[in-house]
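**Q** So that you have it, the file is final-v3.tsv, and it contains TSV, C-alpha atoms:
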chain	number	residue	atom	x	y	z
A	1	MET	CA	12.48	-52.90	-12.10
A	2	ALA	CA	11.93	-49.94	-9.77
A	3	LEU	CA	9.55	-47.22	-10.88
A	4	PRO	CA	11.13	-43.79	-11.41
A	5	THR	CA	10.46	-41.15	-8.80
A	6	TRP	CA	10.11	-37.41	-9.20
A	7	ASP	CA	10.73	-34.74	-6.64
A	8	HIS	CA	7.68	-32.47	-6.37
A	9	PRO	CA	8.54	-29.66	-3.94
A	10	GLU	CA	5.75	-28.75	-1.59
A	11	PRO	CA	4.08	-25.40	-2.29
A	12	LEU	CA	4.79	-22.58	0.11
A	13	ALA	CA	2.70	-22.94	3.24
A	14	VAL	CA	0.07	-20.22	3.65
A	15	GLY	CA	1.11	-19.81	7.28
A	16	SER	CA	4.71	-19.08	6.32
A	17	ALA	CA	3.86	-15.69	4.82
A	18	PRO	CA	5.05	-12.78	7.03
A	19	VAL	CA	1.69	-11.24	7.98
A	20	PRO	CA	1.65	-7.46	8.62
A	21	GLU	CA	1.70	-6.20	12.21
A	22	TYR	CA	-1.97	-5.24	12.35
A	23	GLY	CA	-2.93	-3.77	15.70
A	24	SER	CA	0.54	-2.83	16.89
A	25	GLY	CA	2.82	-1.70	14.07
A	26	SER	CA	1.01	-1.26	10.75
A	27	LEU	CA	0.08	1.83	8.77
A	28	ALA	CA	-3.51	1.40	9.97
A	29	ASP	CA	-2.32	1.99	13.53
A	30	LEU	CA	-0.56	5.31	12.93
A	31	LEU	CA	-3.30	7.95	12.81
A	32	PRO	CA	-5.39	6.37	15.60
A	33	THR	CA	-2.31	6.50	17.82
A	34	LEU	CA	-1.63	10.16	17.02
A	35	ALA	CA	-5.30	11.13	17.41
A	36	ALA	CA	-5.60	9.26	20.71
A	37	GLY	CA	-2.67	11.29	21.99
A	38	MET	CA	-4.75	14.40	21.29
A	39	GLY	CA	-7.76	13.02	23.14
A	40	VAL	CA	-9.90	12.29	20.09
A	41	PRO	CA	-12.84	10.06	21.09
A	42	GLY	CA	-13.10	6.72	19.33
A	43	THR	CA	-9.35	6.35	18.73
A	44	THR	CA	-6.83	4.07	20.42
A	45	ALA	CA	-3.07	4.36	20.75
A	46	SER	CA	-2.03	1.10	19.09
A	47	ILE	CA	1.67	1.80	18.46
A	48	PRO	CA	3.06	1.75	21.99
A	49	GLU	CA	6.43	3.25	21.05
A	50	LEU	CA	4.98	6.64	20.05
A	51	THR	CA	4.72	9.53	22.51
A	52	ALA	CA	1.77	11.90	22.32
A	53	ALA	CA	2.17	15.35	20.78
A	54	ASP	CA	-0.21	18.32	20.59
A	55	ARG	CA	0.56	18.76	16.92
A	56	ALA	CA	1.37	15.96	14.47
A	57	CYS	CA	2.17	15.90	10.78
A	58	VAL	CA	2.30	12.77	8.63
A	59	PHE	CA	4.36	13.16	5.46
A	60	LEU	CA	3.68	10.13	3.27
A	61	ILE	CA	6.17	9.57	0.47
A	62	ASP	CA	4.67	7.21	-2.07
A	63	GLY	CA	6.96	4.25	-2.75
A	64	LEU	CA	9.70	4.92	-0.18
A	65	GLY	CA	10.28	1.50	1.33
A	66	TRP	CA	12.43	0.94	4.41
A	67	GLU	CA	14.96	-1.17	2.53
A	68	GLN	CA	15.28	1.29	-0.34
A	69	LEU	CA	15.92	4.14	2.09
A	70	LYS	CA	18.59	2.19	3.96
A	71	ALA	CA	20.29	1.31	0.67
A	72	HIS	CA	20.67	4.95	-0.45
A	73	PRO	CA	22.37	6.98	2.29
A	74	ASP	CA	24.18	9.23	-0.17
A	75	GLU	CA	20.97	10.29	-1.91
A	76	ALA	CA	19.02	10.76	1.33
A	77	PRO	CA	21.45	11.99	4.00
A	78	TYR	CA	18.81	13.78	6.07
A	79	MET	CA	16.39	10.86	6.27
A	80	THR	CA	19.25	8.43	6.76
A	81	ALA	CA	20.27	10.35	9.85
A	82	LEU	CA	16.72	9.84	11.15
A	83	LEU	CA	16.62	6.06	10.69
A	84	ALA	CA	17.28	5.44	14.37
A	85	SER	CA	14.25	7.59	15.22
A	86	SER	CA	11.88	5.29	13.35
A	87	ARG	CA	8.91	3.93	15.28
A	88	GLY	CA	9.44	5.90	18.42
A	89	GLY	CA	13.22	5.55	18.58
A	90	THR	CA	13.29	1.77	18.26
A	91	GLY	CA	14.86	2.01	14.82
A	92	ARG	CA	12.23	-0.39	13.48
A	93	PRO	CA	9.89	0.03	10.48
A	94	LEU	CA	6.14	-0.29	10.21
A	95	THR	CA	4.39	-2.78	7.96
A	96	ALA	CA	2.20	-1.48	5.17
A	97	GLY	CA	-0.56	-4.10	5.24
A	98	TYR	CA	-1.59	-6.54	2.53
A	99	PRO	CA	-1.54	-5.89	-0.30
A	100	ALA	CA	1.23	-3.30	-0.15
A	101	THR	CA	-0.28	-0.99	-2.72
A	102	THR	CA	-1.30	2.66	-2.76
A	103	ALA	CA	-5.11	2.52	-2.65
A	104	THR	CA	-5.08	-0.06	0.12
A	105	SER	CA	-2.41	1.69	2.17
A	106	LEU	CA	-3.92	5.17	1.89
A	107	ALA	CA	-7.26	3.77	3.02
A	108	SER	CA	-5.54	2.06	5.95
A	109	VAL	CA	-3.77	5.29	6.91
A	110	GLY	CA	-6.84	7.48	6.67
A	111	THR	CA	-9.43	5.21	8.26
A	112	GLY	CA	-7.15	3.58	10.82
A	113	LEU	CA	-8.55	0.22	9.71
A	114	PRO	CA	-6.95	-2.83	8.06
A	115	PRO	CA	-7.98	-3.78	4.51
A	116	GLY	CA	-10.48	-6.41	5.61
A	117	ALA	CA	-12.50	-3.68	7.32
A	118	HIS	CA	-12.14	-0.60	5.10
A	119	GLY	CA	-12.73	-2.73	2.01
A	120	LEU	CA	-10.08	-1.53	-0.44
A	121	PRO	CA	-8.12	-4.80	-0.48
A	122	GLY	CA	-6.20	-4.42	-3.73
A	123	TYR	CA	-5.38	-2.44	-6.84
A	124	THR	CA	-8.34	-4.00	-8.66
A	125	VAL	CA	-10.98	-6.18	-7.02
A	126	ARG	CA	-14.32	-7.64	-7.99
A	127	ASN	CA	-17.44	-5.65	-7.20
A	128	PRO	CA	-19.86	-8.38	-6.09
A	129	GLU	CA	-22.82	-6.23	-7.12
A	130	THR	CA	-21.76	-5.95	-10.77
A	131	GLU	CA	-19.31	-8.89	-11.15
A	132	GLU	CA	-16.87	-6.40	-12.72
A	133	LEU	CA	-13.34	-5.50	-11.69
A	134	MET	CA	-13.09	-2.15	-9.94
A	135	ASN	CA	-9.88	-0.14	-10.00
A	136	GLN	CA	-9.75	1.31	-6.48
A	137	LEU	CA	-6.97	3.77	-7.25
A	138	ARG	CA	-8.75	5.34	-10.24
A	139	TRP	CA	-12.26	4.43	-8.99
A	140	GLN	CA	-13.29	2.90	-12.31
A	141	PRO	CA	-16.03	1.96	-12.95
A	142	TRP	CA	-17.59	4.46	-10.58
A	143	THR	CA	-19.51	3.24	-7.56
A	144	SER	CA	-20.86	5.11	-4.55
A	145	PRO	CA	-17.84	5.92	-2.37
A	146	ARG	CA	-19.72	5.86	0.92
A	147	VAL	CA	-21.32	2.52	0.12
A	148	TRP	CA	-17.94	1.06	-0.80
A	149	GLN	CA	-16.21	2.45	2.34
A	150	PRO	CA	-18.69	3.54	5.02
A	151	TYR	CA	-16.40	4.17	7.99
A	152	PRO	CA	-15.38	7.69	9.08
A	153	THR	CA	-11.79	8.76	8.60
A	154	ILE	CA	-9.53	9.63	11.51
A	155	PHE	CA	-9.41	13.16	10.12
A	156	GLN	CA	-13.18	13.42	10.40
A	157	LEU	CA	-13.11	12.19	13.99
A	158	ALA	CA	-10.31	14.63	14.85
A	159	ASP	CA	-12.07	17.55	13.17
A	160	ALA	CA	-15.26	16.78	15.12
A	161	ALA	CA	-13.21	16.78	18.32
A	162	GLY	CA	-11.89	20.30	17.66
A	163	VAL	CA	-8.47	19.32	16.33
A	164	ARG	CA	-7.26	21.39	13.37
A	165	THR	CA	-7.05	18.92	10.50
A	166	ALA	CA	-5.87	19.42	6.96
A	167	GLN	CA	-4.56	17.60	3.92
A	168	VAL	CA	-1.88	19.36	1.88
A	169	THR	CA	-1.28	17.61	-1.42
A	170	SER	CA	-1.74	17.91	-5.18
A	171	PRO	CA	-4.87	19.80	-6.30
A	172	ALA	CA	-5.65	16.83	-8.57
A	173	PHE	CA	-6.64	14.74	-5.56
A	174	GLN	CA	-9.16	17.16	-4.05
A	175	ASN	CA	-12.36	15.62	-5.38
A	176	THR	CA	-11.36	12.02	-6.04
A	177	PRO	CA	-13.45	9.23	-4.49
A	178	LEU	CA	-10.29	7.76	-2.92
A	179	THR	CA	-9.65	11.03	-1.10
A	180	GLN	CA	-13.29	11.15	-0.04
A	181	VAL	CA	-13.34	7.69	1.53
A	182	ALA	CA	-9.78	7.62	2.88
A	183	LEU	CA	-8.39	11.09	3.58
A	184	SER	CA	-11.25	13.58	3.95
A	185	GLY	CA	-11.96	15.62	7.06
A	186	GLY	CA	-11.01	19.17	7.94
A	187	THR	CA	-9.65	21.28	5.09
A	188	PHE	CA	-8.07	20.26	1.79
A	189	HIS	CA	-5.25	22.46	0.46
A	190	GLY	CA	-3.99	21.81	-3.05
A	191	ARG	CA	-0.45	22.86	-3.91
A	192	LEU	CA	1.48	21.87	-7.00
A	193	SER	CA	5.07	22.01	-5.80
A	194	GLY	CA	6.56	19.97	-3.01
A	195	GLU	CA	8.13	23.07	-1.51
A	196	ASP	CA	4.76	24.83	-1.31
A	197	ARG	CA	3.26	21.77	0.38
A	198	MET	CA	5.98	21.71	3.02
A	199	ASP	CA	5.58	25.41	3.77
A	200	LEU	CA	1.80	25.22	3.98
A	201	ALA	CA	1.88	22.09	6.13
A	202	ALA	CA	4.06	23.96	8.63
A	203	GLU	CA	1.64	26.90	8.61
A	204	GLN	CA	-1.32	24.61	9.23
A	205	LEU	CA	0.46	22.95	12.15
A	206	ALA	CA	1.07	26.33	13.76
A	207	ALA	CA	-2.54	27.45	13.29
A	208	GLY	CA	-4.01	25.17	15.96
A	209	ASP	CA	-3.23	24.29	19.56
A	210	ARG	CA	-3.98	20.73	18.51
A	211	ALA	CA	-3.35	19.86	14.87
A	212	LEU	CA	-3.30	16.74	12.68
A	213	ILE	CA	-1.88	17.50	9.23
A	214	TYR	CA	-1.23	15.17	6.29
A	215	THR	CA	0.94	15.84	3.27
A	216	TYR	CA	1.97	13.64	0.38
A	217	TYR	CA	4.47	13.26	-2.45
A	218	SER	CA	3.93	10.81	-5.33
A	219	GLU	CA	6.72	11.37	-7.83
A	220	LEU	CA	9.19	8.95	-6.27
A	221	ASP	CA	6.75	6.10	-6.85
A	222	GLY	CA	6.19	7.19	-10.44
A	223	ALA	CA	9.92	7.13	-11.17
A	224	GLY	CA	10.22	3.69	-9.60
A	225	HIS	CA	7.42	2.22	-11.69
A	226	ARG	CA	8.70	3.69	-14.91
A	227	PHE	CA	12.46	3.42	-14.52
A	228	GLY	CA	13.05	1.19	-11.49
A	229	VAL	CA	14.46	1.82	-8.03
A	230	ASP	CA	17.98	1.38	-9.35
A	231	SER	CA	17.64	4.20	-11.88
A	232	ASP	CA	19.10	7.69	-11.96
A	233	ALA	CA	15.57	9.09	-12.20
A	234	TRP	CA	14.53	7.37	-8.98
A	235	ARG	CA	17.70	8.45	-7.18
A	236	GLY	CA	17.13	12.03	-8.30
A	237	GLN	CA	13.62	11.97	-6.89
A	238	LEU	CA	14.93	10.56	-3.62
A	239	MET	CA	17.42	13.42	-3.36
A	240	HIS	CA	14.62	15.91	-3.94
A	241	VAL	CA	12.26	14.40	-1.38
A	242	ASP	CA	15.06	14.25	1.19
A	243	ARG	CA	15.39	18.03	0.87
A	244	LEU	CA	11.62	18.39	1.23
A	245	VAL	CA	11.64	16.45	4.50
A	246	GLN	CA	14.40	18.68	5.85
A	247	ARG	CA	12.55	21.80	4.69
A	248	LEU	CA	9.44	20.80	6.61
A	249	ALA	CA	11.35	19.64	9.68
A	250	GLU	CA	13.13	22.98	9.98
A	251	GLN	CA	9.80	24.85	10.06
A	252	LEU	CA	7.97	22.82	12.71
A	253	PRO	CA	6.19	24.91	15.34
A	254	PRO	CA	6.63	24.02	19.02
A	255	ARG	CA	5.08	20.84	20.45
A	256	THR	CA	5.05	19.12	17.07
A	257	ALA	CA	5.92	15.60	15.96
A	258	LEU	CA	6.65	15.03	12.27
A	259	TYR	CA	6.34	11.46	11.01
A	260	VAL	CA	7.76	10.52	7.62
A	261	THR	CA	6.38	7.26	6.25
A	262	ALA	CA	5.34	5.54	3.02
A	263	ASP	CA	2.63	3.34	1.58
A	264	HIS	CA	4.87	0.52	0.31
A	265	GLY	CA	8.34	-0.34	-0.90
A	266	MET	CA	9.24	-1.47	-4.40
A	267	ILE	CA	11.23	-4.11	-6.26
A	268	ASP	CA	12.57	-4.16	-9.83
A	269	ILE	CA	11.61	-7.27	-11.81
A	270	PRO	CA	13.66	-8.38	-14.85
A	271	PHE	CA	11.99	-8.48	-18.25
A	272	ASP	CA	12.13	-12.17	-19.11
A	273	GLU	CA	9.75	-15.13	-19.11
A	274	GLN	CA	11.31	-16.58	-15.97
A	275	HIS	CA	10.46	-13.52	-13.89
A	276	ARG	CA	7.32	-12.31	-15.70
A	277	ILE	CA	4.71	-15.03	-16.09
A	278	ASP	CA	2.10	-13.90	-18.61
A	279	PHE	CA	-1.41	-14.92	-17.58
A	280	ASP	CA	-2.73	-14.03	-21.02
A	281	GLU	CA	-0.33	-16.53	-22.61
A	282	ASP	CA	-0.69	-19.35	-20.06
A	283	TRP	CA	-3.68	-21.64	-20.66
A	284	GLU	CA	-3.17	-23.50	-17.38
A	285	LEU	CA	-3.46	-20.36	-15.27
A	286	ARG	CA	-6.42	-19.09	-17.30
A	287	ALA	CA	-8.42	-22.30	-17.00
A	288	GLY	CA	-11.55	-21.73	-14.90
A	289	VAL	CA	-10.73	-18.07	-14.21
A	290	ALA	CA	-13.46	-15.50	-14.76
A	291	LEU	CA	-11.56	-12.38	-13.62
A	292	LEU	CA	-7.94	-11.61	-12.79
A	293	GLY	CA	-7.63	-8.83	-10.21
A	294	GLY	CA	-4.98	-7.25	-8.05
A	295	GLU	CA	-1.56	-6.63	-9.57
A	296	GLY	CA	1.50	-8.59	-10.58
A	297	ARG	CA	2.78	-9.45	-7.11
A	298	ALA	CA	-0.58	-9.58	-5.30
A	299	ARG	CA	-3.29	-11.26	-7.35
A	300	HIS	CA	-6.98	-11.77	-6.65
A	301	VAL	CA	-8.17	-14.66	-8.83
A	302	TYR	CA	-11.93	-15.00	-9.34
A	303	ALA	CA	-13.00	-18.43	-10.53
A	304	VAL	CA	-15.91	-19.45	-12.70
A	305	ARG	CA	-18.64	-20.67	-10.36
A	306	GLY	CA	-17.91	-24.25	-9.37
A	307	ALA	CA	-14.25	-24.13	-10.48
A	308	GLU	CA	-12.81	-22.60	-7.29
A	309	SER	CA	-11.12	-25.78	-6.06
A	310	ASP	CA	-9.66	-26.62	-9.47
A	311	VAL	CA	-8.24	-23.12	-9.91
A	312	LEU	CA	-6.66	-23.24	-6.44
A	313	THR	CA	-5.08	-26.63	-7.19
A	314	CYS	CA	-3.75	-25.49	-10.56
A	315	TRP	CA	-2.28	-22.23	-9.28
A	316	ARG	CA	-0.56	-24.08	-6.44
A	317	GLU	CA	0.91	-26.63	-8.82
A	318	VAL	CA	2.14	-24.03	-11.29
A	319	LEU	CA	3.19	-21.19	-8.96
A	320	GLY	CA	3.29	-22.61	-5.44
A	321	GLU	CA	7.07	-22.58	-5.13
A	322	GLN	CA	7.28	-18.84	-5.89
A	323	PHE	CA	3.99	-17.51	-4.51
A	324	TRP	CA	2.04	-18.00	-1.35
A	325	ILE	CA	-1.20	-19.35	-2.83
A	326	ALA	CA	-4.26	-19.34	-0.58
A	327	SER	CA	-7.97	-19.78	-0.91
A	328	ARG	CA	-10.02	-16.80	0.21
A	329	ASP	CA	-10.85	-18.46	3.53
A	330	GLU	CA	-7.24	-19.53	4.09
A	331	ALA	CA	-5.98	-15.98	3.50
A	332	ILE	CA	-8.59	-14.61	5.90
A	333	ALA	CA	-7.78	-17.21	8.56
A	334	ALA	CA	-4.06	-16.42	8.23
A	335	GLY	CA	-4.78	-12.73	8.88
A	336	TRP	CA	-3.52	-11.43	5.55
A	337	PHE	CA	-6.18	-8.70	5.42
A	338	GLY	CA	-6.35	-8.05	9.16
A	339	PRO	CA	-7.91	-9.75	12.17
A	340	HIS	CA	-11.42	-9.51	10.71
A	341	VAL	CA	-12.98	-9.23	7.26
A	342	ASP	CA	-16.32	-7.42	7.04
A	343	GLU	CA	-19.18	-9.24	5.35
A	344	ARG	CA	-19.40	-6.59	2.63
A	345	VAL	CA	-15.70	-7.11	1.84
A	346	TYR	CA	-15.65	-10.91	1.79
A	347	ALA	CA	-16.63	-11.41	-1.87
A	348	ARG	CA	-14.29	-8.64	-3.02
A	349	LEU	CA	-11.39	-10.93	-2.16
A	350	GLY	CA	-10.26	-13.47	-4.73
A	351	ASP	CA	-11.40	-17.07	-4.61
A	352	VAL	CA	-7.65	-17.59	-4.86
A	353	VAL	CA	-5.14	-15.07	-3.48
A	354	ALA	CA	-1.55	-15.16	-4.80
A	355	ALA	CA	1.25	-13.25	-3.03
A	356	ALA	CA	4.75	-13.32	-4.52
A	357	ARG	CA	7.69	-14.47	-2.41
A	358	ASP	CA	10.32	-14.57	-5.17
A	359	ASP	CA	11.35	-11.87	-7.66
A	360	VAL	CA	8.51	-12.68	-10.03
A	361	LEU	CA	5.31	-11.19	-11.47
A	362	ILE	CA	2.08	-12.50	-12.90
A	363	ILE	CA	1.57	-10.01	-15.72
A	364	ALA	CA	-1.33	-9.80	-18.16
A	365	SER	CA	0.14	-8.37	-21.34
A	366	GLU	CA	-3.18	-7.99	-23.19
A	367	ARG	CA	-5.50	-7.00	-20.32
A	368	GLU	CA	-3.00	-4.82	-18.46
A	369	PRO	CA	-0.42	-3.55	-21.00
A	370	LYS	CA	0.66	-0.51	-18.99
A	371	GLU	CA	0.99	-2.32	-15.68
A	372	SER	CA	2.78	-5.22	-17.37
A	373	ALA	CA	5.45	-2.84	-18.69
A	374	MET	CA	6.41	-1.39	-15.31
A	375	VAL	CA	9.99	-1.87	-14.11
A	376	GLY	CA	9.36	-1.35	-10.39
A	377	ASN	CA	6.56	-3.31	-8.73
A	378	HIS	CA	5.06	-3.95	-5.31
A	379	GLY	CA	2.12	-5.53	-3.52
A	380	SER	CA	3.25	-8.62	-1.65
A	381	MET	CA	4.44	-9.36	1.90
A	382	THR	CA	8.20	-9.51	1.33
A	383	PRO	CA	10.25	-7.06	3.42
A	384	VAL	CA	11.28	-4.99	0.40
A	385	GLU	CA	7.60	-4.21	-0.32
A	386	GLN	CA	6.04	-4.42	3.10
A	387	LEU	CA	8.37	-2.48	5.40
A	388	VAL	CA	8.04	1.31	5.53
A	389	PRO	CA	9.81	3.88	7.70
A	390	LEU	CA	8.27	5.95	10.47
A	391	LEU	CA	10.95	8.61	10.85
A	392	GLU	CA	10.32	11.12	13.63
A	393	VAL	CA	11.33	14.73	14.18
A	394	ARG	CA	10.14	16.65	17.27
A	395	SER	CA	10.22	20.33	18.05
Show this structure as structure tokens.

**A**
Amino acid sequence: MALPTWDHPEPLAVGSAPVPEYGSGSLADLLPTLAAGMGVPGTTASIPELTAADRACVFLIDGLGWEQLKAHPDEAPYMTALLASSRGGTGRPLTAGYPATTATSLASVGTGLPPGAHGLPGYTVRNPETEELMNQLRWQPWTSPRVWQPYPTIFQLADAAGVRTAQVTSPAFQNTPLTQVALSGGTFHGRLSGEDRMDLAAEQLAAGDRALIYTYYSELDGAGHRFGVDSDAWRGQLMHVDRLVQRLAEQLPPRTALYVTADHGMIDIPFDEQHRIDFDEDWELRAGVALLGGEGRARHVYAVRGAESDVLTCWREVLGEQFWIASRDEAIAAGWFGPHVDERVYARLGDVVAAARDDVLIIASEREPKESAMVGNHGSMTPVEQLVPLLEVRS
């Protein structure tokens, strides 16, 4: 009698994950390229498609992925008309970097470094000094910003080189540690309304022969998290931000390049057990795990000492068909966090790193009730999360 056989699909290969275009087409390459075009020492033009300009403005719209923009031409007619201008007229997007999440992406933008160097490699990561999870968006629990991220920002380098630099965003961000380590340098201008930000950004551009100005809008992301990217609330926000882009573009002073980009895209995940795997209710996934970091689609898993191999094996067996599951060293070798990971950053990364390929989340209903209730999510390396526009308007 023949023994029965079972088909056990192989887990997703770590090397099959679509790694961000670090060094040539990621968010970390944008400001160094613009600053190099202004002659700022210590910067390199890494995005070859971009042409230098004396004045440059980066308008970062939180949560506006490339695929979401392409899918909504009626709500965003102005930006849709600019799609062909993306990435220097190639009509191609940038990649956000891994994980595709706000704290990581803003640090990549501001420092011009990939996550493995700037050291903000996730929504929450372990602080090796305290063995606690640190929320890098809210900076909780507090730790010294300059110890956590010691590199200068591109704005600081530009300001030191005599380029007029400014950040025009919500007043709430003026004194946050994330702003300090990622976006400081030059002058901070807080304005509540999007219209006021656009007007002031144009004024700041005109105030210098060479200028590097940053402005930001977060409400689109908030609507996506709360209601989803297929909601009327999200579409309404997209319509509003499309008008803001046009408002700024129509005020650009001469010799200016405006770049409209984003920190990540977003995907709606259904509310059922098939698509939302609850870590707090799954004894297999919890076994041997000391801390669960990251977010639903980009998890850092920190094992109890000595259990690293067992946790990796278990997570691959349970989730390996839906997630790219890698050990820390495998993720580093595959370039997920950039071409190099600094020594101070190494232990911040999970012993196991899980990046979603399918439309699925690893939630934690008890530990993370608010995050687990979000409709729209992001973080992984799929195109819907990873690809962001780089729309260009020149005067």

**Q** Compare A:Asp310, A:Glu371, A:Glu366, A:Glu21 by their minimum atom-to-atom distance to A:Ser46, counting all atoms listed in the file, and give me the closest one.

**A** A:Glu21

**Q** Quick one: residues within 10 Å of A:Arg348, all atoms listed in the file, excluding same-chain residues fewer than 2 positions away - as JSON, numbers by chain?

**A** {"A": [116, 119, 120, 121, 122, 124, 125, 126, 127, 128, 129, 131, 133, 134, 293, 300, 302, 328, 343, 344, 345, 346, 350, 351]}

**Q** Would you list the contacts of A:Phe323 as number ranges by chain, taking every protein, DNA or RNA residue within 12 Å and counting only C-alpha atoms, but skipping same-chain residues closer than 4 positions in sequence?

**A** A: 10-14, 16-17, 277, 296-299, 315-319, 352-362, 380-382

**Q** Keeping only C-alpha atoms, write the selected residues to a file as a JSON list (two decimals), in the coordinates of the input.

**A**
[["chain", "number", "residue", "atom", "x", "y", "z"],
["A", 10, "GLU", "CA", 5.75, -28.75, -1.59],
["A", 11, "PRO", "CA", 4.08, -25.40, -2.29],
["A", 12, "LEU", "CA", 4.79, -22.58, 0.11],
["A", 13, "ALA", "CA", 2.70, -22.94, 3.24],
["A", 14, "VAL", "CA", 0.07, -20.22, 3.65],
["A", 16, "SER", "CA", 4.71, -19.08, 6.32],
["A", 17, "ALA", "CA", 3.86, -15.69, 4.82],
["A", 277, "ILE", "CA", 4.71, -15.03, -16.09],
["A", 296, "GLY", "CA", 1.50, -8.59, -10.58],
["A", 297, "ARG", "CA", 2.78, -9.45, -7.11],
["A", 298, "ALA", "CA", -0.58, -9.58, -5.30],
["A", 299, "ARG", "CA", -3.29, -11.26, -7.35],
["A", 315, "TRP", "CA", -2.28, -22.23, -9.28],
["A", 316, "ARG", "CA", -0.56, -24.08, -6.44],
["A", 317, "GLU", "CA", 0.91, -26.63, -8.82],
["A", 318, "VAL", "CA", 2.14, -24.03, -11.29],
["A", 319, "LEU", "CA", 3.19, -21.19, -8.96],
["A", 352, "VAL", "CA", -7.65, -17.59, -4.86],
["A", 353, "VAL", "CA", -5.14, -15.07, -3.48],
["A", 354, "ALA", "CA", -1.55, -15.16, -4.80],
["A", 355, "ALA", "CA", 1.25, -13.25, -3.03],
["A", 356, "ALA", "CA", 4.75, -13.32, -4.52],
["A", 357, "ARG", "CA", 7.69, -14.47, -2.41],
["A", 358, "ASP", "CA", 10.32, -14.57, -5.17],
["A", 359, "ASP", "CA", 11.35, -11.87, -7.66],
["A", 360, "VAL", "CA", 8.51, -12.68, -10.03],
["A", 361, "LEU", "CA", 5.31, -11.19, -11.47],
["A", 362, "ILE", "CA", 2.08, -12.50, -12.90],
["A", 380, "SER", "CA", 3.25, -8.62, -1.65],
["A", 381, "MET", "CA", 4.44, -9.36, 1.90],
["A", 382, "THR", "CA", 8.20, -9.51, 1.33]]

**Q** Which residue out of A:Pro73, A:Thr33, A:Leu113, A:Met374 has the minimum interatomic distance to A:Pro339 when all atoms listed in the file are used?

**A** A:Leu113

**Q** Please measure the separation of atom CA of A:Ala182 and atom CA of A:His240, giving the value in Å to one decimal.

**A**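 One can read the atom CA of A:Ala182 to atom CA of A:His240 distance as 26.7 Å.
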
**Q** Do you know which residues are at most 6 Å from stretch 153-159 of chain A counting all atoms listed in the file, after dropping those on the same chain fewer than 4 positions away, and could you put them as a PyMOL selection string?

**A** chain A and resi 40+110-111+163+165+185-186

**Q** Please, could you write that set of residues out with C-alpha atoms as a PDB file, in the coordinates of the input?

**A**
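This went into selection-v2.pdb:
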ATOM      1  CA  VAL A  40      -9.900  12.290  20.090  1.00  0.00           C
ATOM      2  CA  GLY A 110      -6.840   7.480   6.670  1.00  0.00           C
ATOM      3  CA  THR A 111      -9.430   5.210   8.260  1.00  0.00           C
ATOM      4  CA  VAL A 163      -8.470  19.320  16.330  1.00  0.00           C
ATOM      5  CA  THR A 165      -7.050  18.920  10.500  1.00  0.00           C
ATOM      6  CA  GLY A 185     -11.960  15.620   7.060  1.00  0.00           C
ATOM      7  CA  GLY A 186     -11.010  19.170   7.940  1.00  0.00           C
TER       8      GLY A 186
END

**Q** Could you check the closest approach to A:Tyr214 for each of A:Leu291, A:Leu31, A:Gly228, A:Pro254 and tell me which residue wins, using only C-alpha atoms?

**A**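 Among the listed residues, A:Leu31 lies closest to A:Tyr214.
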
**Q** Please provide the set of residues having any atom within 12 Å of A:Thr80, restricted to all atoms listed in the file, with same-chain residues fewer than 3 positions apart removed, written as a list of chain:residue names.

**A**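 The contact residues come out as A:Trp66, A:Glu67, A:Gln68, A:Leu69, A:Lys70, A:Ala71, A:His72, A:Pro73, A:Asp74, A:Glu75, A:Ala76, A:Pro77, A:Leu83, A:Ala84, A:Ser85, A:Ser86, A:Gly91, A:Leu238, A:Met239, A:Asp242, A:Arg243, A:Val245, A:Gln246, A:Val260, A:Pro389, A:Leu390, A:Leu391, A:Glu392.
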